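Raw contents of data18.txt, compact mmCIF, C-alpha atoms:
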```txt
# COMPACT_ATOMS: atom_id res chain seq x y z
CA MET A 14 5.38 -0.74 -8.74
CA LEU A 15 3.66 1.26 -6.01
CA THR A 16 4.60 1.76 -2.37
CA ALA A 17 2.07 2.36 0.38
CA MET A 18 3.96 5.29 1.86
CA ILE A 19 4.34 5.90 5.58
CA THR A 20 3.34 9.29 6.95
CA PRO A 21 6.47 11.00 8.30
CA MET A 22 6.11 12.50 11.77
CA THR A 23 8.24 14.86 13.82
CA ALA A 24 9.69 13.85 17.18
CA ASP A 25 6.62 15.21 18.95
CA GLY A 26 4.23 13.28 16.69
CA ALA A 27 3.17 16.11 14.38
CA LEU A 28 2.79 15.66 10.65
CA ASP A 29 6.11 16.23 8.85
CA VAL A 30 4.97 17.66 5.53
CA ASP A 31 8.47 18.56 4.32
CA GLY A 32 9.66 15.07 5.23
CA ALA A 33 6.78 13.57 3.27
CA ALA A 34 7.78 15.51 0.16
CA ARG A 35 11.42 14.42 0.52
CA LEU A 36 10.47 10.79 1.09
CA ALA A 37 8.06 10.75 -1.85
CA THR A 38 10.79 12.14 -4.11
CA TYR A 39 13.23 9.49 -2.90
CA LEU A 40 10.74 6.68 -3.46
CA VAL A 41 10.07 7.79 -7.03
CA ASP A 42 13.60 8.84 -8.06
CA GLU A 43 15.71 6.28 -6.18
CA MET A 44 13.35 3.38 -5.46
CA ARG A 45 11.81 3.42 -8.95
CA ASN A 46 8.20 3.60 -7.82
CA ASP A 47 5.67 4.23 -10.57
CA GLY A 48 3.20 5.40 -7.97
CA LEU A 49 2.58 6.00 -4.28
CA VAL A 50 -0.42 5.23 -2.09
CA ILE A 51 -0.94 7.94 0.52
CA SER A 52 -2.89 7.50 3.78
CA GLY A 53 -3.23 3.75 3.66
CA THR A 54 -2.82 1.54 6.69
CA THR A 55 0.96 1.93 6.54
CA GLY A 56 0.32 5.67 6.37
CA GLU A 57 -1.37 5.45 9.79
CA SER A 58 -4.67 6.63 8.34
CA PRO A 59 -6.66 5.58 11.44
CA THR A 60 -4.77 8.17 13.53
CA THR A 61 -4.47 11.08 11.09
CA SER A 62 -7.18 13.71 10.78
CA ASP A 63 -8.99 14.58 7.56
CA ALA A 64 -7.11 17.88 7.46
CA GLU A 65 -3.78 16.09 7.88
CA LYS A 66 -4.66 13.67 5.10
CA ASP A 67 -5.39 16.62 2.81
CA ARG A 68 -2.13 18.41 3.65
CA LEU A 69 -0.12 15.21 3.19
CA LEU A 70 -1.72 14.35 -0.14
CA ARG A 71 -1.22 17.86 -1.53
CA ALA A 72 2.44 17.86 -0.46
CA VAL A 73 3.11 14.54 -2.18
CA ILE A 74 1.28 15.57 -5.36
CA GLU A 75 3.29 18.78 -5.49
CA ALA A 76 6.53 16.82 -5.02
CA VAL A 77 6.01 13.91 -7.44
CA GLY A 78 2.65 14.31 -9.14
CA ASP A 79 4.25 15.06 -12.50
CA SER A 80 6.37 11.89 -12.45
CA ALA A 81 4.30 9.30 -10.56
CA THR A 82 0.72 8.23 -9.98
CA VAL A 83 -0.58 9.33 -6.58
CA VAL A 84 -3.37 7.21 -5.12
CA ALA A 85 -5.22 8.42 -2.04
CA GLY A 86 -6.33 6.00 0.64
CA VAL A 87 -9.83 7.10 1.61
CA GLY A 88 -11.44 3.98 3.08
CA THR A 89 -13.16 3.99 6.46
CA ASN A 90 -15.99 1.96 8.00
CA ASP A 91 -18.43 4.84 7.43
CA THR A 92 -19.65 5.16 3.85
CA ALA A 93 -20.56 8.84 4.09
CA HIS A 94 -17.16 9.69 5.58
CA THR A 95 -15.38 7.64 2.92
CA CYS A 96 -17.25 9.49 0.17
CA GLU A 97 -16.27 12.83 1.68
CA LEU A 98 -12.61 11.77 1.86
CA ALA A 99 -12.86 10.65 -1.77
CA ARG A 100 -14.17 14.08 -2.81
CA GLN A 101 -11.44 15.74 -0.74
CA ALA A 102 -8.79 13.65 -2.52
CA GLU A 103 -10.25 14.50 -5.92
CA ARG A 104 -10.10 18.22 -5.10
CA ALA A 105 -6.46 17.81 -4.04
CA GLY A 106 -5.57 16.27 -7.42
CA ALA A 107 -5.22 12.56 -6.65
CA ASP A 108 -5.01 10.21 -9.63
CA GLY A 109 -7.05 7.46 -8.00
CA LEU A 110 -8.52 6.09 -4.79
CA LEU A 111 -7.69 3.10 -2.60
CA VAL A 112 -10.82 1.98 -0.72
CA VAL A 113 -10.40 -0.64 1.98
CA THR A 114 -13.16 -3.02 3.06
CA PRO A 115 -15.12 -1.42 5.91
CA TYR A 116 -13.55 -2.79 9.06
CA TYR A 117 -14.91 -3.83 12.47
CA ASN A 118 -18.62 -3.50 11.60
CA LYS A 119 -18.43 -6.56 9.26
CA PRO A 120 -21.14 -5.71 6.72
CA PRO A 121 -22.71 -8.45 4.58
CA GLN A 122 -21.63 -8.82 0.97
CA ASN A 123 -24.53 -6.75 -0.40
CA GLY A 124 -23.47 -4.03 2.05
CA LEU A 125 -19.90 -4.16 0.70
CA VAL A 126 -21.17 -3.85 -2.86
CA ALA A 127 -23.36 -0.89 -1.89
CA HIS A 128 -20.48 0.76 0.00
CA PHE A 129 -17.92 0.45 -2.80
CA THR A 130 -20.47 1.50 -5.40
CA ALA A 131 -21.37 4.62 -3.42
CA VAL A 132 -17.70 5.59 -3.15
CA ALA A 133 -17.12 4.98 -6.86
CA GLU A 134 -20.15 7.16 -7.63
CA SER A 135 -18.91 10.01 -5.41
CA THR A 136 -16.06 11.13 -7.70
CA GLY A 137 -14.78 10.72 -11.24
CA LEU A 138 -11.60 8.96 -10.08
CA PRO A 139 -10.68 5.32 -10.70
CA VAL A 140 -10.99 3.05 -7.65
CA MET A 141 -8.76 0.28 -6.37
CA LEU A 142 -10.54 -1.98 -3.88
CA TYR A 143 -8.47 -3.20 -0.93
CA ASP A 144 -9.34 -6.75 0.11
CA ILE A 145 -7.72 -7.49 3.49
CA PRO A 146 -9.96 -9.71 5.62
CA GLY A 147 -7.30 -10.15 8.30
CA ARG A 148 -7.80 -6.50 9.25
CA ALA A 149 -11.32 -5.82 8.00
CA GLY A 150 -12.87 -8.99 9.42
CA VAL A 151 -14.67 -9.86 6.19
CA PRO A 152 -13.40 -10.72 2.67
CA ILE A 153 -14.73 -9.33 -0.57
CA ALA A 154 -16.29 -12.46 -2.02
CA THR A 155 -15.61 -13.49 -5.60
CA GLU A 156 -19.26 -12.91 -6.50
CA SER A 157 -19.05 -9.39 -5.08
CA LEU A 158 -15.90 -8.62 -7.07
CA LEU A 159 -17.62 -9.82 -10.22
CA ARG A 160 -20.50 -7.45 -9.55
CA LEU A 161 -18.23 -4.53 -8.66
CA ALA A 162 -16.13 -5.04 -11.79
CA GLN A 163 -19.14 -3.93 -13.83
CA HIS A 164 -18.73 -0.38 -12.50
CA PRO A 165 -16.66 1.67 -14.97
CA ARG A 166 -14.58 3.35 -12.25
CA ILE A 167 -13.80 0.24 -10.19
CA VAL A 168 -10.69 -0.89 -12.04
CA ALA A 169 -8.32 -2.67 -9.66
CA VAL A 170 -7.90 -4.75 -6.51
CA LYS A 171 -5.14 -4.63 -3.92
CA ASP A 172 -5.22 -8.19 -2.64
CA ALA A 173 -4.04 -9.06 0.86
CA LYS A 174 -6.32 -12.09 1.08
CA GLY A 175 -3.74 -14.41 -0.47
CA ASP A 176 -6.25 -16.58 -2.31
CA LEU A 177 -4.55 -16.96 -5.68
CA ALA A 178 -7.23 -19.32 -6.93
CA ALA A 179 -10.03 -16.85 -6.23
CA GLY A 180 -8.00 -14.02 -7.70
CA SER A 181 -7.32 -16.06 -10.83
CA SER A 182 -11.04 -16.68 -11.20
CA VAL A 183 -11.83 -12.97 -10.97
CA MET A 184 -9.06 -12.01 -13.39
CA SER A 185 -10.31 -14.60 -15.87
CA ALA A 186 -13.83 -13.21 -15.79
CA THR A 187 -13.20 -9.44 -15.55
CA ASP A 188 -10.80 -6.66 -16.53
CA LEU A 189 -9.90 -5.90 -12.90
CA ALA A 190 -6.16 -5.37 -12.43
CA PHE A 191 -4.84 -7.18 -9.36
CA TYR A 192 -1.97 -5.81 -7.26
CA CYS A 193 -0.28 -7.88 -4.58
CA GLY A 194 -0.76 -6.35 -1.15
CA ASP A 195 1.25 -8.95 0.80
CA ASP A 196 4.93 -8.56 -0.06
CA VAL A 197 6.03 -12.14 0.44
CA LEU A 198 3.51 -13.17 -2.25
CA ASN A 199 4.67 -10.61 -4.83
CA LEU A 200 6.15 -13.15 -7.23
CA PRO A 201 3.38 -15.76 -6.83
CA TRP A 202 0.79 -13.11 -7.69
CA LEU A 203 2.69 -12.14 -10.84
CA SER A 204 2.64 -15.79 -11.87
CA VAL A 205 -1.18 -15.86 -11.97
CA GLY A 206 -1.63 -12.54 -13.73
CA ALA A 207 -1.22 -9.66 -11.27
CA SER A 208 -0.23 -6.30 -12.72
CA GLY A 209 2.17 -5.30 -9.96
CA PHE A 210 2.53 -4.57 -6.27
CA VAL A 211 1.29 -2.15 -3.63
CA SER A 212 4.24 -2.74 -1.35
CA VAL A 213 5.46 -1.89 2.13
CA VAL A 214 9.05 -3.08 1.68
CA GLY A 215 9.16 -0.88 -1.41
CA HIS A 216 10.35 1.85 0.95
CA VAL A 217 13.75 0.14 1.09
CA VAL A 218 13.88 -2.26 -1.89
CA GLY A 219 11.48 -0.73 -4.40
CA ASP A 220 14.18 -0.70 -7.06
CA ARG A 221 14.66 -4.45 -6.72
CA LEU A 222 10.92 -5.08 -6.79
CA ALA A 223 10.73 -3.04 -9.99
CA GLU A 224 13.52 -5.23 -11.35
CA MET A 225 11.53 -8.32 -10.36
CA ILE A 226 8.48 -7.08 -12.25
CA GLU A 227 10.55 -6.26 -15.33
CA ALA A 228 12.34 -9.62 -15.24
CA TYR A 229 9.12 -11.59 -14.88
CA PHE A 230 7.30 -9.84 -17.71
CA ALA A 231 10.37 -10.18 -19.92
CA GLY A 232 10.27 -13.95 -19.42
CA ARG A 233 13.34 -14.04 -17.19
CA VAL A 234 11.53 -15.98 -14.50
CA ALA A 235 14.69 -17.40 -12.93
CA VAL A 236 15.98 -13.86 -12.36
CA ALA A 237 12.68 -12.86 -10.75
CA ARG A 238 12.83 -15.94 -8.52
CA THR A 239 16.38 -15.10 -7.44
CA ILE A 240 15.31 -11.58 -6.43
CA HIS A 241 12.36 -13.02 -4.51
CA ARG A 242 14.62 -15.34 -2.54
CA GLU A 243 17.21 -12.64 -1.89
CA LEU A 244 14.51 -10.41 -0.42
CA MET A 245 13.13 -12.98 2.04
CA PRO A 246 15.06 -11.51 5.02
CA VAL A 247 13.63 -8.07 4.20
CA TYR A 248 10.09 -9.47 4.06
CA THR A 249 10.66 -11.16 7.40
CA GLY A 250 12.22 -8.13 9.06
CA ILE A 251 9.60 -5.63 7.99
CA MET A 252 6.42 -7.69 7.70
CA THR A 253 6.73 -10.54 10.21
CA ARG A 254 8.78 -9.73 13.31
CA ILE A 255 6.99 -6.49 14.24
CA GLN A 256 4.11 -4.46 12.83
CA GLY A 257 4.75 -3.10 9.33
CA VAL A 258 4.64 0.65 9.91
CA ILE A 259 6.76 0.33 13.06
CA ALA A 260 9.41 -1.64 11.19
CA THR A 261 9.26 0.61 8.13
CA LYS A 262 9.82 3.80 10.10
CA ALA A 263 12.69 2.13 11.95
CA ALA A 264 14.18 1.02 8.62
CA LEU A 265 13.92 4.54 7.22
CA GLY A 266 15.71 5.79 10.32
CA LEU A 267 18.54 3.36 9.61
CA LEU A 268 18.73 4.79 6.10
CA GLY A 269 18.69 8.41 7.26
CA LEU A 270 15.33 9.09 5.58
CA PRO A 271 12.22 10.86 6.92
CA GLY A 272 10.03 8.61 9.03
CA GLY A 273 9.98 9.63 12.65
CA THR A 274 7.69 8.38 15.34
CA VAL A 275 4.50 6.36 15.14
CA ARG A 276 1.25 7.40 16.80
CA LEU A 277 -0.47 5.43 19.53
CA PRO A 278 -1.75 2.75 19.67
CA GLN A 279 1.35 1.88 17.62
CA VAL A 280 4.64 2.19 19.49
CA ASN A 281 8.16 2.79 18.24
CA ALA A 282 10.52 -0.13 17.75
CA THR A 283 12.69 -0.99 20.74
CA PRO A 284 16.49 -0.84 20.45
CA ALA A 285 16.60 -4.65 20.32
CA GLU A 286 13.99 -4.71 17.54
CA VAL A 287 15.94 -2.10 15.58
CA GLU A 288 19.12 -4.18 15.81
CA GLN A 289 17.30 -7.31 14.64
CA LEU A 290 15.84 -5.28 11.79
CA ARG A 291 19.31 -4.05 10.89
CA THR A 292 20.48 -7.68 10.67
CA ASP A 293 17.53 -8.64 8.48
CA LEU A 294 17.98 -5.71 6.11
CA VAL A 295 21.69 -6.34 5.67
CA ALA A 296 20.97 -10.04 5.03
CA GLY A 297 18.55 -8.94 2.32
CA GLY A 298 21.14 -6.76 0.63
CA VAL A 299 20.01 -3.34 1.87
CA LYS A 300 22.92 -0.91 2.22
CA LEU A 301 22.48 1.02 5.45
CA LYS A 302 24.07 4.29 6.52
```

Write out the structure in this file as structure tokens.
Amino acid sequence: MLTAMITPMTADGALDVDGAARLATYLVDEMRNDGLVISGTTGESPTTSDAEKDRLLRAVIEAVGDSATVVAGVGTNDTAHTCELARQAERAGADGLLVVTPYYNKPPQNGLVAHFTAVAESTGLPVMLYDIPGRAGVPIATESLLRLAQHPRIVAVKDAKGDLAAGSSVMSATDLAFYCGDDVLNLPWLSVGASGFVSVVGHVVGDRLAEMIEAYFAGRVAVARTIHRELMPVYTGIMTRIQGVIATKAALGLLGLPGGTVRLPQVNATPAEVEQLRTDLVAGGVKLK
């Protein structure tokens, strides 16, 4: 169970390092996260500087690095920059790297293989690929994943492509560990062999997602299915009605936890959106302040 952690900000939009440490501790101690992904999309990585990413990662490692795995999001659409961010994360003490498909420039599949291989070669850290064609504009093809799985440091995939058949094919042919990256599909991915989740809603229901994982792997599938159905309003409220990081920071505000503002081009949730989110969270069993 991993959560792709938001990056707490102050009211004026500055990085809230102390808030990040407090939130990371809460997510590990109270929400039962085995690990955290720092500076992913939900961490607003497109609008944080390299220096901010370094400060944030070091603060989280200091707070929870002895009790949880800390994975650094380092992916960009510039291979050289991604490699530098990977080396920066290694120096900071990250346990692994999350590397998203290069976005906007839409490289061909042999370009993706070359990109991911270069990043994997740039450090000694294990790499989780992030396959999210809805944002990147191009999927990581099955054939490319099969090739990339031959690299000793490419060990996992965060899948937000939602193709369970393709994922099943890759898992059957390789040792790549798949993690669901689309919360509403958490249980379906477990059913075809996924190892766990890299979640957004884990900010508020990570403990119940951990319970779902435990129930499923213990053979208590009906219990896992009940949790899945109970969480549907939370999935809808955070992942469907408005953009994920906007909703997540609003939800953390309702819980009295560090979150703060979002940076443009994202915008903060409106009062009406916050009230709808409150309704969704309560319907999903979240106890608000």

TODO: Would you mind reading off the distance between atom CA of Asn123 of chain A and atom CA of Pro139 of chain A, one decimal, in Å?
DONE: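 Distance reported for this atom pair: 21.1 Å.
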
Could you build a table of the residues in segment 71-156 of chain A lying no more than 10 Å from segment 167-181 of chain A, giving for each the nearest pair of atoms and their separation in Å rounded to one decimal place, using all atoms listed in the file, ordered by chain and ascending residue number, as CSV?
```
residue,atom,partner,partner_atom,distance
A:Gly109,CA,A:Val168,CA,10.0
A:Leu110,CA,A:Ile167,CA,9.6
A:Leu111,CA,A:Lys171,CA,8.2
A:Val112,CA,A:Lys171,CA,9.3
A:Val113,CA,A:Lys171,CA,8.9
A:Phe129,CA,A:Ile167,CA,8.5
A:Thr130,CA,A:Ile167,CA,8.3
A:Val132,CA,A:Ile167,CA,9.7
A:Ala133,CA,A:Ile167,CA,6.7
A:Glu134,CA,A:Ile167,CA,9.7
A:Leu138,CA,A:Ile167,CA,9.0
A:Pro139,CA,A:Ile167,CA,6.0
A:Val140,CA,A:Ile167,CA,4.7
A:Met141,CA,A:Ala169,CA,4.4
A:Leu142,CA,A:Val170,CA,4.6
A:Tyr143,CA,A:Lys171,CA,4.7
A:Asp144,CA,A:Asp172,CA,5.2
A:Ile145,CA,A:Ala173,CA,4.8
A:Pro146,CA,A:Lys174,CA,6.3
A:Gly147,CA,A:Lys174,CA,7.5
A:Arg148,CA,A:Ala173,CA,9.5
A:Pro152,CA,A:Lys174,CA,7.4
A:Ile153,CA,A:Lys174,CA,9.0
A:Ala154,CA,A:Ala179,CA,8.7
A:Thr155,CA,A:Ala179,CA,6.5
```

Task: Point-to-point distance in Å for atom CA of Gly250 of chain A and atom CA of Val280 of chain A - done: 16.5 Å

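Excluding Gln101 of chain A itself and any same-chain residue fewer than 6 positions from it, the protein and nucleic acid residues within 10 Å of it, counting all atoms listed in the file, are Asp63, Ala64, Lys66, Asp67, Leu70, Ala85, Val87, Thr95, Ala107 and Thr136 of chain A.
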
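Straight-line separation from atom CA of Leu198 of chain A to atom CA of Gly124 of chain A: 28.8 Å.
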
Task: Best match for closeness to Glu97 of chain A among A:Ala33, A:Ala131, A:Leu244, A:Ala237, counting all atoms listed in the file - done: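 Selected residue with least distance to Glu97 of chain A: A:Ala131.
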
TODO: Could you give me, as a list in words, the residues within 12 Å of Gly206 of chain A, counting only C-alpha atoms and dropping anything in the same chain fewer than 5 positions from it?
DONE: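 The filter keeps Leu177, Ala178, Gly180, Ser181, Ser182, Val183, Met184, Ser185, Asp188, Leu189, Ala190, Phe191, Tyr192, Cys193, Asn199, Leu200, Pro201, Ile226, Tyr229 and Phe230 of chain A.
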
TODO: Excluding Val247 of chain A and residues on its chain fewer than 3 positions from it, collect all residues at most 9 Å away from it, counting all atoms listed in the file, and give them as a list in words.
DONE: Val214, Val217, Val218, Glu243, Leu244, Gly250, Ile251, Met252, Leu290, Asp293, Leu294, Val295, Ala296, Gly297, Gly298 and Val299 of chain A

Task: Nearest to Glu227 of chain A by atom-to-atom distance, counting all atoms listed in the file, from A:Leu203, A:Val77, A:Arg254, A:Tyr116 - done: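 Looking only at the distances to Glu227 of chain A, the closest residue turns out to be A:Leu203.
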
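Distances here use only C-alpha atoms; by that measure, the residue among A:Asp196, A:Thr261, A:Gly150, A:Arg276 closest to Ala24 of chain A is A:Arg276.
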
Could you work out an axis-aligned box for segment 125-141 of chain A, taking every atom the file lists and adding 5 Å on each side, and report centre and edge lengths in Å to one decimal, as JSON?
```
{"center_x": -16.1, "center_y": 3.5, "center_z": -5.3, "size_x": 24.6, "size_y": 25.3, "size_z": 21.9}
```

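Residues in contact with Thr274 of chain A at up to 10 Å, not including ones fewer than 5 positions away on its chain and judged by only C-alpha atoms, are Thr20, Pro21, Met22, Thr23, Ala24, Asp25, Gly26, Ala27, Leu28, Val258, Ile259, Lys262, Ala263, Gly266, Gln279, Val280, Asn281 and Ala282 of chain A.
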
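When all atoms listed in the file are used to compute distances to Pro165 of chain A, the closest of the residues A:Thr187, A:Met245, A:Val205, A:Met14 turns out to be A:Thr187.
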
Task: Which of A:Pro278, A:Pro115, A:Gly137, A:Gly88 sits closest to Arg166 of chain A [using all atoms listed in the file] - done: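 Once distances to Arg166 of chain A are computed over all atoms listed in the file, the minimum belongs to A:Gly137.
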
Open item on the list: I'd like to know which of A:Ala17, A:Leu36, A:Thr239, A:Val234 is closest to Leu270 of chain A, using all atoms listed in the file.
Closed with: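 Among A:Ala17, A:Leu36, A:Thr239, A:Val234, it is A:Leu36 that comes nearest to Leu270 of chain A.
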
Reconstruct N, CA, C and O atoms of segment 146-164 of chain A from the incomplete input and present them as a PDB file, in the coordinates of the input.
```
ATOM      1  N   PRO A 146      -9.068  -9.204   4.567  1.00  0.00           N
ATOM      2  CA  PRO A 146      -9.960  -9.710   5.620  1.00  0.00           C
ATOM      3  C   PRO A 146      -9.287  -9.871   6.969  1.00  0.00           C
ATOM      4  O   PRO A 146      -9.975  -9.834   7.996  1.00  0.00           O
ATOM      5  N   GLY A 147      -7.969 -10.036   7.013  1.00  0.00           N
ATOM      6  CA  GLY A 147      -7.300 -10.150   8.300  1.00  0.00           C
ATOM      7  C   GLY A 147      -7.444  -8.910   9.152  1.00  0.00           C
ATOM      8  O   GLY A 147      -7.432  -8.987  10.390  1.00  0.00           O
ATOM      9  N   ARG A 148      -7.577  -7.751   8.514  1.00  0.00           N
ATOM     10  CA  ARG A 148      -7.800  -6.500   9.250  1.00  0.00           C
ATOM     11  C   ARG A 148      -9.263  -6.093   9.257  1.00  0.00           C
ATOM     12  O   ARG A 148      -9.765  -5.567  10.249  1.00  0.00           O
ATOM     13  N   ALA A 149      -9.940  -6.296   8.123  1.00  0.00           N
ATOM     14  CA  ALA A 149     -11.320  -5.820   8.000  1.00  0.00           C
ATOM     15  C   ALA A 149     -12.315  -6.747   8.687  1.00  0.00           C
ATOM     16  O   ALA A 149     -13.395  -6.321   9.068  1.00  0.00           O
ATOM     17  N   GLY A 150     -11.959  -8.034   8.797  1.00  0.00           N
ATOM     18  CA  GLY A 150     -12.870  -8.990   9.420  1.00  0.00           C
ATOM     19  C   GLY A 150     -13.784  -9.690   8.452  1.00  0.00           C
ATOM     20  O   GLY A 150     -14.473 -10.640   8.831  1.00  0.00           O
ATOM     21  N   VAL A 151     -13.809  -9.236   7.191  1.00  0.00           N
ATOM     22  CA  VAL A 151     -14.670  -9.860   6.190  1.00  0.00           C
ATOM     23  C   VAL A 151     -13.970  -9.747   4.833  1.00  0.00           C
ATOM     24  O   VAL A 151     -13.388  -8.703   4.510  1.00  0.00           O
ATOM     25  N   PRO A 152     -13.985 -10.808   4.015  1.00  0.00           N
ATOM     26  CA  PRO A 152     -13.400 -10.720   2.670  1.00  0.00           C
ATOM     27  C   PRO A 152     -14.388 -10.120   1.690  1.00  0.00           C
ATOM     28  O   PRO A 152     -15.601 -10.073   1.935  1.00  0.00           O
ATOM     29  N   ILE A 153     -13.863  -9.660   0.562  1.00  0.00           N
ATOM     30  CA  ILE A 153     -14.730  -9.330  -0.570  1.00  0.00           C
ATOM     31  C   ILE A 153     -14.883 -10.609  -1.372  1.00  0.00           C
ATOM     32  O   ILE A 153     -13.925 -11.102  -1.970  1.00  0.00           O
ATOM     33  N   ALA A 154     -16.058 -11.174  -1.367  1.00  0.00           N
ATOM     34  CA  ALA A 154     -16.290 -12.460  -2.020  1.00  0.00           C
ATOM     35  C   ALA A 154     -16.109 -12.345  -3.529  1.00  0.00           C
ATOM     36  O   ALA A 154     -16.288 -11.270  -4.122  1.00  0.00           O
ATOM     37  N   THR A 155     -15.782 -13.470  -4.144  1.00  0.00           N
ATOM     38  CA  THR A 155     -15.610 -13.490  -5.600  1.00  0.00           C
ATOM     39  C   THR A 155     -16.847 -12.958  -6.309  1.00  0.00           C
ATOM     40  O   THR A 155     -16.747 -12.157  -7.243  1.00  0.00           O
ATOM     41  N   GLU A 156     -18.020 -13.371  -5.862  1.00  0.00           N
ATOM     42  CA  GLU A 156     -19.260 -12.910  -6.500  1.00  0.00           C
ATOM     43  C   GLU A 156     -19.403 -11.399  -6.383  1.00  0.00           C
ATOM     44  O   GLU A 156     -19.884 -10.738  -7.314  1.00  0.00           O
ATOM     45  N   SER A 157     -18.974 -10.842  -5.254  1.00  0.00           N
ATOM     46  CA  SER A 157     -19.050  -9.390  -5.080  1.00  0.00           C
ATOM     47  C   SER A 157     -18.079  -8.674  -6.009  1.00  0.00           C
ATOM     48  O   SER A 157     -18.409  -7.632  -6.596  1.00  0.00           O
ATOM     49  N   LEU A 158     -16.873  -9.220  -6.156  1.00  0.00           N
ATOM     50  CA  LEU A 158     -15.900  -8.620  -7.070  1.00  0.00           C
ATOM     51  C   LEU A 158     -16.407  -8.652  -8.503  1.00  0.00           C
ATOM     52  O   LEU A 158     -16.209  -7.701  -9.266  1.00  0.00           O
ATOM     53  N   LEU A 159     -17.067  -9.734  -8.872  1.00  0.00           N
ATOM     54  CA  LEU A 159     -17.620  -9.820 -10.220  1.00  0.00           C
ATOM     55  C   LEU A 159     -18.683  -8.750 -10.450  1.00  0.00           C
ATOM     56  O   LEU A 159     -18.754  -8.142 -11.537  1.00  0.00           O
ATOM     57  N   ARG A 160     -19.488  -8.500  -9.435  1.00  0.00           N
ATOM     58  CA  ARG A 160     -20.500  -7.450  -9.550  1.00  0.00           C
ATOM     59  C   ARG A 160     -19.846  -6.070  -9.600  1.00  0.00           C
ATOM     60  O   ARG A 160     -20.203  -5.229 -10.430  1.00  0.00           O
ATOM     61  N   LEU A 161     -18.874  -5.842  -8.734  1.00  0.00           N
ATOM     62  CA  LEU A 161     -18.230  -4.530  -8.660  1.00  0.00           C
ATOM     63  C   LEU A 161     -17.437  -4.214  -9.912  1.00  0.00           C
ATOM     64  O   LEU A 161     -17.301  -3.045 -10.300  1.00  0.00           O
ATOM     65  N   ALA A 162     -16.910  -5.247 -10.568  1.00  0.00           N
ATOM     66  CA  ALA A 162     -16.130  -5.040 -11.790  1.00  0.00           C
ATOM     67  C   ALA A 162     -16.963  -4.434 -12.915  1.00  0.00           C
ATOM     68  O   ALA A 162     -16.410  -3.889 -13.883  1.00  0.00           O
ATOM     69  N   GLN A 163     -18.284  -4.498 -12.797  1.00  0.00           N
ATOM     70  CA  GLN A 163     -19.140  -3.930 -13.830  1.00  0.00           C
ATOM     71  C   GLN A 163     -19.194  -2.409 -13.754  1.00  0.00           C
ATOM     72  O   GLN A 163     -19.627  -1.754 -14.711  1.00  0.00           O
ATOM     73  N   HIS A 164     -18.730  -1.838 -12.617  1.00  0.00           N
ATOM     74  CA  HIS A 164     -18.730  -0.380 -12.500  1.00  0.00           C
ATOM     75  C   HIS A 164     -17.541   0.181 -13.281  1.00  0.00           C
ATOM     76  O   HIS A 164     -16.414  -0.283 -13.109  1.00  0.00           O
TER      77      HIS A 164
END
```
